[in-house]
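Everything below belongs to work-v9.tsv, which stores TSV, C-alpha atoms and all ligand atoms.
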chain	number	residue	atom	x	y	z
A	1	MET	CA	98.05	88.30	69.81
A	2	SER	CA	99.84	84.99	70.37
A	3	ALA	CA	98.59	82.48	72.95
A	4	PRO	CA	100.02	82.86	76.46
A	5	VAL	CA	102.57	80.46	77.91
A	6	ILE	CA	101.01	79.62	81.28
A	7	PHE	CA	102.95	78.23	84.22
A	8	SER	CA	102.01	77.61	87.83
A	9	GLY	CA	103.19	75.42	90.68
A	10	ILE	CA	101.37	73.90	93.61
A	11	GLN	CA	102.79	72.32	96.75
A	12	PRO	CA	102.21	68.67	97.61
A	13	THR	CA	101.93	69.58	101.27
A	14	GLY	CA	98.90	69.01	103.48
A	15	ARG	CA	95.42	68.72	102.12
A	16	LYS	CA	94.37	71.08	99.36
A	17	HIS	CA	91.73	73.54	100.54
A	18	LEU	CA	89.02	75.71	99.04
A	19	GLY	CA	91.46	78.65	98.79
A	20	ASN	CA	93.85	76.57	96.66
A	21	TYR	CA	90.91	75.38	94.57
A	22	ILE	CA	89.34	78.79	93.94
A	23	GLY	CA	92.55	80.86	93.81
A	24	ALA	CA	94.67	78.46	91.78
A	25	ILE	CA	93.31	75.10	90.56
A	26	ARG	CA	90.19	76.60	88.98
A	27	GLN	CA	92.43	79.00	87.06
A	28	TYR	CA	94.64	76.13	85.87
A	29	VAL	CA	91.65	74.31	84.40
A	30	GLU	CA	90.52	77.46	82.63
A	31	GLY	CA	94.11	78.18	81.54
A	32	GLN	CA	94.62	74.89	79.74
A	33	GLU	CA	92.06	76.05	77.18
A	34	ARG	CA	94.17	79.14	76.38
A	35	GLY	CA	97.76	78.29	77.17
A	36	GLU	CA	100.20	77.19	74.51
A	37	PRO	CA	101.45	75.43	76.41
A	38	ALA	CA	99.80	75.45	79.86
A	39	ILE	CA	102.30	73.96	82.29
A	40	PHE	CA	101.51	72.86	85.86
A	41	CYS	CA	104.07	71.58	88.29
A	42	ILE	CA	103.78	69.86	91.66
A	43	VAL	CA	106.57	71.50	93.56
A	44	ASP	CA	108.06	68.84	95.82
A	45	LEU	CA	111.35	70.75	96.06
A	46	HIS	CA	109.53	73.71	97.59
A	47	ALA	CA	107.93	71.38	100.12
A	48	ILE	CA	111.30	70.39	101.63
A	49	SER	CA	111.95	73.98	102.73
A	50	VAL	CA	110.01	73.31	105.97
A	51	ALA	CA	109.95	70.29	108.30
A	52	TYR	CA	108.56	67.22	106.50
A	53	ASP	CA	108.50	63.45	106.41
A	54	PRO	CA	109.91	61.81	103.21
A	55	ALA	CA	107.37	58.94	103.04
A	56	GLU	CA	104.51	61.35	103.65
A	57	LEU	CA	105.80	63.70	100.94
A	58	ARG	CA	105.43	60.93	98.34
A	59	GLU	CA	101.88	60.20	99.48
A	60	ARG	CA	100.86	63.86	99.37
A	61	LEU	CA	102.40	64.18	95.93
A	62	TYR	CA	100.07	61.46	94.63
A	63	ASP	CA	97.14	63.07	96.47
A	64	THR	CA	97.85	66.41	94.80
A	65	THR	CA	98.30	64.83	91.35
A	66	ALA	CA	94.97	63.02	91.69
A	67	ILE	CA	93.22	66.21	92.89
A	68	LEU	CA	94.48	68.16	89.88
A	69	LEU	CA	93.33	65.45	87.47
A	70	ALA	CA	89.99	65.15	89.27
A	71	ALA	CA	89.52	68.92	89.03
A	72	GLY	CA	89.79	68.68	85.24
A	73	LEU	CA	93.42	68.99	84.19
A	74	ASP	CA	93.89	66.98	81.01
A	75	PRO	CA	97.61	66.23	80.53
A	76	ALA	CA	96.92	63.81	77.69
A	77	ASN	CA	95.52	66.58	75.49
A	78	GLN	CA	95.58	70.05	76.99
A	79	CYS	CA	98.39	70.69	79.45
A	80	VAL	CA	101.76	69.61	80.80
A	81	LEU	CA	101.61	68.23	84.35
A	82	PHE	CA	104.78	67.09	86.09
A	83	ARG	CA	106.75	66.76	89.32
A	84	GLN	CA	109.27	69.55	89.82
A	85	SER	CA	112.16	67.34	90.97
A	86	ASP	CA	111.94	65.26	87.76
A	87	VAL	CA	113.15	68.24	85.72
A	88	ARG	CA	116.60	69.15	87.03
A	89	GLU	CA	116.72	72.34	85.00
A	90	HIS	CA	114.75	73.99	87.84
A	91	THR	CA	117.51	73.49	90.39
A	92	GLU	CA	120.31	74.44	88.05
A	93	LEU	CA	118.53	77.62	87.04
A	94	THR	CA	117.98	78.46	90.71
A	95	TRP	CA	121.73	78.66	91.25
A	96	LEU	CA	122.35	80.60	88.07
A	97	LEU	CA	119.63	83.14	88.90
A	98	SER	CA	120.86	83.53	92.46
A	99	ALA	CA	123.69	85.54	90.84
A	100	VAL	CA	121.18	88.23	89.83
A	101	THR	CA	118.95	88.04	92.92
A	102	SER	CA	119.37	90.60	95.65
A	103	HIS	CA	119.77	89.31	99.19
A	104	GLY	CA	117.85	92.37	100.37
A	105	ASP	CA	114.88	91.47	98.17
A	106	LEU	CA	114.77	87.94	99.61
A	107	ASN	CA	114.88	89.43	103.10
A	108	ARG	CA	111.75	91.43	102.36
A	109	MET	CA	109.57	88.47	101.35
A	110	HIS	CA	106.46	88.28	103.57
A	111	GLN	CA	106.17	84.51	103.20
A	112	PHE	CA	109.72	83.99	104.47
A	113	LYS	CA	109.04	86.23	107.47
A	114	ASP	CA	105.76	84.44	108.31
A	115	LYS	CA	107.00	80.91	107.78
A	116	SER	CA	110.38	81.39	109.46
A	117	MET	CA	108.61	82.62	112.59
A	118	ARG	CA	106.48	79.46	112.62
A	119	GLN	CA	109.42	77.00	112.36
A	120	ARG	CA	110.05	75.40	115.72
A	121	GLU	CA	113.47	73.96	114.87
A	122	LEU	CA	115.47	74.78	111.77
A	123	VAL	CA	114.81	77.86	109.65
A	124	SER	CA	116.39	76.42	106.50
A	125	ALA	CA	118.31	78.30	103.84
A	126	ALA	CA	115.88	76.58	101.43
A	127	LEU	CA	113.03	78.59	102.94
A	128	PHE	CA	115.00	81.77	102.26
A	129	PHE	CA	115.77	80.62	98.71
A	130	TYR	CA	112.19	79.54	97.98
A	131	PRO	CA	111.41	82.63	95.84
A	132	VAL	CA	114.48	82.01	93.62
A	133	LEU	CA	113.34	78.44	92.98
A	134	MET	CA	109.87	79.76	92.19
A	135	ALA	CA	111.33	82.32	89.79
A	136	SER	CA	113.29	79.52	88.10
A	137	ASP	CA	110.15	77.38	87.76
A	138	VAL	CA	108.47	80.17	85.83
A	139	LEU	CA	111.44	81.56	83.87
A	140	ALA	CA	112.65	78.13	82.70
A	141	TYR	CA	109.61	78.01	80.40
A	142	ARG	CA	109.56	81.67	79.35
A	143	ALA	CA	106.06	81.75	80.81
A	144	THR	CA	104.06	84.88	80.05
A	145	GLU	CA	101.28	84.28	82.61
A	146	VAL	CA	101.35	82.94	86.17
A	147	PRO	CA	97.93	82.05	87.63
A	148	VAL	CA	98.13	82.19	91.44
A	149	GLY	CA	96.28	83.43	94.49
A	150	ASP	CA	96.88	86.92	95.87
A	151	ASP	CA	99.42	85.66	98.45
A	152	GLN	CA	101.91	84.99	95.63
A	153	ARG	CA	101.86	88.56	94.31
A	154	GLN	CA	105.19	89.50	95.90
A	155	HIS	CA	106.92	86.35	94.62
A	156	VAL	CA	105.77	86.98	91.05
A	157	GLU	CA	106.95	90.60	91.30
A	158	LEU	CA	110.38	89.31	92.38
A	159	THR	CA	110.37	86.85	89.46
A	160	ARG	CA	109.85	89.79	87.11
A	161	GLU	CA	112.66	91.71	88.80
A	162	ILE	CA	115.04	88.74	88.44
A	163	ALA	CA	114.19	88.37	84.73
A	164	ARG	CA	114.68	92.11	84.23
A	165	ARG	CA	118.03	92.13	85.98
A	166	PHE	CA	119.22	89.05	84.05
A	167	ASN	CA	118.27	90.61	80.71
A	168	GLU	CA	119.96	93.91	81.56
A	169	ARG	CA	123.15	92.16	82.60
A	170	PHE	CA	123.37	89.36	79.98
A	171	GLY	CA	121.11	90.42	77.11
A	172	GLU	CA	117.45	89.74	76.30
A	173	THR	CA	116.91	86.07	77.25
A	174	LEU	CA	114.15	85.66	79.84
A	175	VAL	CA	110.51	86.75	79.79
A	176	GLU	CA	108.89	88.90	82.50
A	177	PRO	CA	105.66	87.06	83.29
A	178	GLU	CA	102.32	88.68	84.14
A	179	LEU	CA	100.62	87.89	87.43
A	180	GLN	CA	97.16	86.38	86.91
A	181	VAL	CA	94.93	86.50	90.00
A	182	PRO	CA	91.21	85.75	89.77
A	183	GLU	CA	88.87	88.75	89.92
A	184	VAL	CA	86.85	87.10	92.69
A	185	GLY	CA	88.35	84.62	95.15
A	186	ALA	CA	92.02	85.64	94.93
A	187	ARG	CA	92.20	85.46	98.74
A	188	ILE	CA	89.73	83.09	100.35
A	189	MET	CA	89.65	83.70	104.09
A	190	ASP	CA	89.48	81.31	107.05
A	191	LEU	CA	85.83	80.75	108.01
A	192	GLN	CA	86.58	81.10	111.73
A	193	GLU	CA	89.04	83.98	111.49
A	194	PRO	CA	88.07	85.87	108.33
A	195	GLU	CA	90.91	88.38	108.77
A	196	ARG	CA	93.36	85.54	107.97
A	197	LYS	CA	93.66	83.71	104.69
A	198	MET	CA	92.56	80.10	104.49
A	199	SER	CA	95.86	78.22	104.57
A	200	THR	CA	97.45	74.79	104.90
A	201	THR	CA	99.64	75.68	107.84
A	202	GLY	CA	98.44	78.89	109.42
A	203	ALA	CA	94.62	78.59	109.63
A	204	THR	CA	92.05	76.97	111.94
A	205	GLU	CA	90.87	73.42	111.23
A	206	ALA	CA	87.19	74.36	111.62
A	207	GLY	CA	87.67	77.35	109.34
A	208	THR	CA	89.40	75.43	106.53
A	209	VAL	CA	87.29	73.62	103.94
A	210	TYR	CA	89.20	70.85	102.18
A	211	VAL	CA	88.59	69.85	98.56
A	212	LEU	CA	88.08	66.26	99.74
A	213	ASP	CA	85.76	67.08	102.67
A	214	GLU	CA	82.52	65.08	102.79
A	215	PRO	CA	79.31	67.14	102.35
A	216	ALA	CA	78.49	66.78	106.07
A	217	ALA	CA	81.84	68.32	107.05
A	218	ILE	CA	81.38	71.16	104.55
A	219	ARG	CA	77.89	71.94	105.92
A	220	LYS	CA	79.20	71.92	109.49
A	221	LYS	CA	82.08	74.29	108.70
A	222	PHE	CA	79.86	76.80	106.89
A	223	GLY	CA	77.18	76.45	109.59
A	224	SER	CA	79.66	77.67	112.20
A	225	ALA	CA	81.34	80.29	109.96
A	226	VAL	CA	81.94	83.60	111.75
A	227	THR	CA	79.84	86.48	110.39
A	228	ASP	CA	79.19	89.76	112.21
A	229	SER	CA	76.59	91.42	114.38
A	230	GLY	CA	74.80	93.09	111.44
A	231	ARG	CA	72.03	91.64	109.28
A	232	GLU	CA	72.93	92.72	105.78
A	233	ILE	CA	74.34	90.39	103.15
A	234	LEU	CA	76.65	92.94	101.56
A	235	ARG	CA	80.39	93.14	100.94
A	236	GLY	CA	82.43	95.63	102.93
A	237	GLU	CA	85.74	96.06	104.74
A	238	GLU	CA	83.96	95.94	108.09
A	239	LYS	CA	82.27	92.66	107.11
A	240	PRO	CA	85.15	90.25	106.27
A	241	GLY	CA	83.19	87.08	107.13
A	242	ILE	CA	80.13	87.89	104.99
A	243	THR	CA	82.30	89.27	102.17
A	244	ASN	CA	84.23	85.99	102.09
A	245	LEU	CA	81.01	83.94	101.97
A	246	ILE	CA	79.58	86.12	99.19
A	247	ASP	CA	82.75	85.64	97.12
A	248	ILE	CA	82.77	81.88	97.72
A	249	LEU	CA	79.14	81.47	96.64
A	250	ALA	CA	79.67	83.72	93.62
A	251	VAL	CA	82.53	81.51	92.44
A	252	ALA	CA	80.67	78.28	93.21
A	253	ARG	CA	77.69	79.43	91.14
A	254	GLY	CA	79.73	81.13	88.41
A	255	VAL	CA	78.07	84.54	88.94
A	256	GLY	CA	79.26	87.92	90.23
A	257	PRO	CA	79.25	88.91	93.93
A	258	ALA	CA	76.65	91.62	93.19
A	259	ASP	CA	74.26	88.91	91.90
A	260	ILE	CA	74.59	87.10	95.24
A	261	GLU	CA	73.95	90.34	97.18
A	262	ARG	CA	70.79	90.94	95.12
A	263	GLU	CA	69.53	87.39	95.49
A	264	PHE	CA	69.99	87.34	99.28
A	265	ALA	CA	68.87	90.90	100.07
A	266	GLY	CA	66.66	90.57	103.16
A	267	ALA	CA	67.60	86.92	103.86
A	268	GLY	CA	68.97	85.89	107.28
A	269	TYR	CA	72.58	84.87	107.88
A	270	GLY	CA	71.53	81.29	108.75
A	271	ASP	CA	69.80	80.69	105.42
A	272	PHE	CA	72.61	82.40	103.56
A	273	LYS	CA	75.25	80.17	105.17
A	274	LYS	CA	73.20	77.10	104.23
A	275	ALA	CA	73.09	78.26	100.60
A	276	VAL	CA	76.86	78.81	100.56
A	277	ALA	CA	77.42	75.32	101.99
A	278	GLU	CA	75.20	73.77	99.29
A	279	GLY	CA	76.99	75.74	96.57
A	280	VAL	CA	80.36	74.46	97.78
A	281	VAL	CA	79.10	70.88	98.17
A	282	GLU	CA	77.98	70.98	94.53
A	283	LEU	CA	81.27	72.53	93.44
A	284	LEU	CA	83.48	69.98	95.17
A	285	ALA	CA	81.44	66.74	95.08
A	286	PRO	CA	82.40	65.81	91.50
A	287	VAL	CA	86.07	66.44	92.27
A	288	ARG	CA	85.91	64.23	95.37
A	289	GLU	CA	84.19	61.44	93.44
A	290	ARG	CA	86.67	61.45	90.56
A	291	TYR	CA	89.53	61.60	93.05
A	292	ALA	CA	88.33	58.39	94.69
A	293	ASP	CA	88.61	56.65	91.29
A	294	LEU	CA	92.01	58.08	90.37
A	295	ARG	CA	94.01	58.07	93.61
A	296	PRO	CA	94.45	54.28	94.09
A	297	ASP	CA	96.28	53.77	90.79
A	298	GLU	CA	99.72	55.11	91.69
A	299	ALA	CA	101.34	53.48	88.64
A	300	ALA	CA	99.02	55.46	86.37
A	301	LEU	CA	99.76	58.67	88.28
A	302	GLU	CA	103.51	57.99	87.93
A	303	ALA	CA	103.10	57.38	84.20
A	304	THR	CA	101.23	60.68	83.82
A	305	LEU	CA	103.95	62.56	85.72
A	306	ALA	CA	106.75	60.90	83.75
A	307	ALA	CA	105.16	61.82	80.42
A	308	GLY	CA	104.72	65.38	81.69
A	309	ALA	CA	108.35	65.62	82.83
A	310	GLU	CA	109.55	64.61	79.38
A	311	LYS	CA	107.50	67.36	77.75
A	312	ALA	CA	108.61	69.91	80.35
A	313	ARG	CA	112.28	69.02	79.92
A	314	ALA	CA	112.02	69.46	76.17
A	315	ILE	CA	110.90	73.06	76.72
A	316	ALA	CA	113.20	74.00	79.61
A	317	SER	CA	116.41	72.42	78.39
A	318	PRO	CA	117.13	74.73	75.40
A	319	ILE	CA	116.23	77.76	77.53
A	320	LEU	CA	118.76	76.62	80.14
A	321	GLU	CA	121.37	76.15	77.45
A	322	LYS	CA	120.81	79.74	76.38
A	323	VAL	CA	121.05	81.03	79.96
A	324	ARG	CA	124.30	79.12	80.55
A	325	ASP	CA	125.76	80.42	77.33
A	326	ARG	CA	124.80	84.03	78.04
A	327	MET	CA	126.38	83.74	81.49
A	328	GLY	CA	129.61	82.28	80.12
A	329	ILE	CA	129.08	78.95	81.84
A	330	GLY	CA	130.21	75.64	80.27
A	331	VAL	CA	131.24	74.83	76.72
A	332	PRO	CA	130.51	77.80	74.42
A	333	ALA	CA	127.52	77.34	72.09
A	334	ARG	CA	128.47	77.08	68.43
A	401	LIG	N1	93.37	81.40	100.81
A	401	LIG	C1	93.69	81.38	99.52
A	401	LIG	N2	92.90	82.00	98.62
A	401	LIG	C2	93.22	81.98	97.28
A	401	LIG	N3	94.31	81.33	96.78
A	401	LIG	C3	95.12	80.69	97.65
A	401	LIG	N4	96.26	79.96	97.50
A	401	LIG	C4	96.68	79.53	98.71
A	401	LIG	N5	95.84	79.95	99.67
A	401	LIG	C5	94.85	80.68	99.05
A	401	LIG	C6	96.88	79.70	96.20
A	401	LIG	O1	96.98	78.29	96.04
A	401	LIG	C7	98.11	78.00	95.21
A	401	LIG	C8	98.88	76.85	95.78
A	401	LIG	O2	99.47	77.26	96.99
A	401	LIG	P1	100.68	76.50	97.62
A	401	LIG	O3	101.36	75.70	96.62
A	401	LIG	O4	101.47	77.48	98.43
A	401	LIG	O5	99.97	75.47	98.52
A	401	LIG	P2	99.77	75.50	100.04
A	401	LIG	O6	101.09	75.53	100.73
A	401	LIG	O7	98.84	74.38	100.31
A	401	LIG	O8	99.03	76.87	100.18
A	401	LIG	P3	98.77	77.66	101.44
A	401	LIG	O9	97.47	77.34	101.99
A	401	LIG	O10	99.06	79.07	101.05
A	401	LIG	O11	99.78	77.14	102.52
A	401	LIG	P4	100.64	77.94	103.49
A	401	LIG	O12	99.96	79.25	103.77
A	401	LIG	O13	100.70	77.07	104.66
A	401	LIG	O14	101.89	78.08	102.75
A	401	LIG	C9	98.91	79.30	95.08
A	401	LIG	O15	98.68	79.86	93.81
A	401	LIG	C10	98.33	80.17	96.16
A	401	LIG	O16	98.39	81.54	95.81

Represent the structure contained in this file as structure tokens.
Amino acid sequence: MSAPVIFSGIQPTGRKHLGNYIGAIRQYVEGQERGEPAIFCIVDLHAISVAYDPAELRERLYDTTAILLAAGLDPANQCVLFRQSDVREHTELTWLLSAVTSHGDLNRMHQFKDKSMRQRELVSAALFFYPVLMASDVLAYRATEVPVGDDQRQHVELTREIARRFNERFGETLVEPELQVPEVGARIMDLQEPERKMSTTGATEAGTVYVLDEPAAIRKKFGSAVTDSGREILRGEEKPGITNLIDILAVARGVGPADIEREFAGAGYGDFKKAVAEGVVELLAPVRERYADLRPDEAALEATLAAGAEKARAIASPILEKVRDRMGIGVPAR
């Protein structure tokens, strides 16, 4: 079997949290060992689909780049890391693919429904078009695997549908990618409201653990995590808080959730929460320390992104040429 082509994007908005780390970033680092190539993109064009500040967007883009490098991405040797807006093929492909995207499908996207309800001023057309841009990100590289958290399931399904419809209409050109969600930790929940996913915009501050949180802040957040009135440290639908904590500790320690249940059988919730906090402190401390070294050198971050954009363009450009040709757009290919 040939090596997978891996692609995933991450927004430069807000501060990256434990859900992003466990659901996505951890998978990227693992993916760069397998992907040929493994391509990761900081999606600044997605970020402008909601209210934002231009100067802040640039800062957050550097923050996100430094977090990804600190987490272990190695663009010099093992992956392609770039800024979405540097590779204009993404926006061109978005328009071309909009011709085979159903308006009804876009209307059904959960993320659009949730986020449009939360906008206080403008609900932009960009927010509605977000899934087409995401499909273009992936399809421009003929990616075979898309590592994401569970919340992106519907968008990846739409990406597959768009590729399918394009191929049916214009001939076999694009690749239908497989969704890759982690077995454990695909949906990390808010520590205060464990029925809701941990999120940049929709969650509680006390219930959201950030990758760059100091150990004291991490301990405090886990110390006040909502559990339930029972005493058992077991997973179950009626125990969303404890289930979430079991999954988090399992990932932090690199074991299965059943191992955690066995180890903590008979322990109290207080001691268990302390153990989860320590597991997460150990998981994130090295990332925070490396970040502190990397983040100040913005020229080096820019150089990394520029080198990545060049590599990305070299892959996407011939695929775009093919798409244009199949669609009868521009000068015919010889
Ligand atoms: N709670 C989560 N558990 C597991 N994975 C998650 N992801 C997001 N939340 C969780 C995954 O992180 C990747 C990057 O997501 P993004 O680019 O959408 O970044 P974000 O906007 O910071 O993510 P949020 O928190 O989901 O923000 P909101 O909800 O405000 O839009 C994706 O692979 C995602 O699945």

Can you work out which residues are within 8 Å of ligand LIG 401 (chain A), considering all atoms listed in the file, and then hand them over as number ranges by chain? A: 8-25, 43, 111, 115, 147-153, 185-190, 197-203

Find the distance between atom CA of Asp259 of chain A and atom CA of Val184 of chain A and write it in Å to one decimal. 12.7 Å

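Proximity to Gly270 of chain A was assessed for A:Glu183, A:Glu30, A:Glu310, A:Glu232 counting all atoms listed in the file; the smallest distance is recorded for A:Glu232.
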
Tell me, as a list in words, which residues lie within 7 Å of segment 119-130 of chain A, counting all atoms listed in the file; anything in the same chain fewer than 6 positions away does not count.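 Final neighbour list, sorted by chain and number: His46, Ser49, Val50, Leu106 and Phe112 of chain A.
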
Counting only C-alpha atoms, which of A:Gln180, A:Gln78, A:Ser136, A:Thr65 gets nearest to Trp95 of chain A?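 Ranking A:Gln180, A:Gln78, A:Ser136, A:Thr65 by distance to Trp95 of chain A, first place goes to A:Ser136.
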
Provide the atom CA of Asp63 of chain A to atom CA of Tyr28 of chain A distance in Å, to one decimal place.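 Interatomic distance here is 17.0 Å.
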
Near-Gly308 of chain A list (6 Å; all atoms listed in the file; drop same-chain fewer than 2 positions) as an NGL selection string: :A and (80-82 or 305-306 or 310-311)

What is the distance, in Å and to one decimal place, between atom CA of Gln154 of chain A and atom CA of Pro131 of chain A?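 Computed distance, atom CA of Gln154 of chain A to atom CA of Pro131 of chain A, equals 9.3 Å.
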
Distance criterion (all atoms listed in the file): nearest to Leu61 of chain A out of A:Ala312, A:Val209, A:Ala47, A:Leu73: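 Among the listed residues, the smallest separation from Leu61 of chain A belongs to A:Ala47.
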
Selection near Gln84 of chain A, 6 Å with all atoms listed in the file, sequence-local residues under 2 positions removed, as a compact mmCIF listing (two decimals) with C-alpha atoms, in the coordinates of the input:
# COMPACT_ATOMS: atom_id res chain seq x y z
CA CYS A 41 104.07 71.58 88.29
CA ILE A 42 103.78 69.86 91.66
CA VAL A 43 106.57 71.50 93.56
CA ASP A 86 111.94 65.26 87.76
CA VAL A 87 113.15 68.24 85.72

Contacts of Glu157 of chain A at 10 Å (only C-alpha atoms; same-chain gap of 4+ positions) as a ChimeraX atom specification: /A:135,152-153,161-162,176-179

Long-range neighbours of segment 287-303 of chain A as a PyMOL selection string, 8 Å cut-off, only C-alpha atoms, 6 positions minimum in chain: chain A and resi 62-63+65-67+69-71+211-213

My list of candidates is A:Gly241, A:Ser229, A:Gly104, A:Gly171. Which is closest to Glu193 of chain A when distances are computed with only C-alpha atoms?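 Smallest separation from Glu193 of chain A among the options: A:Gly241.
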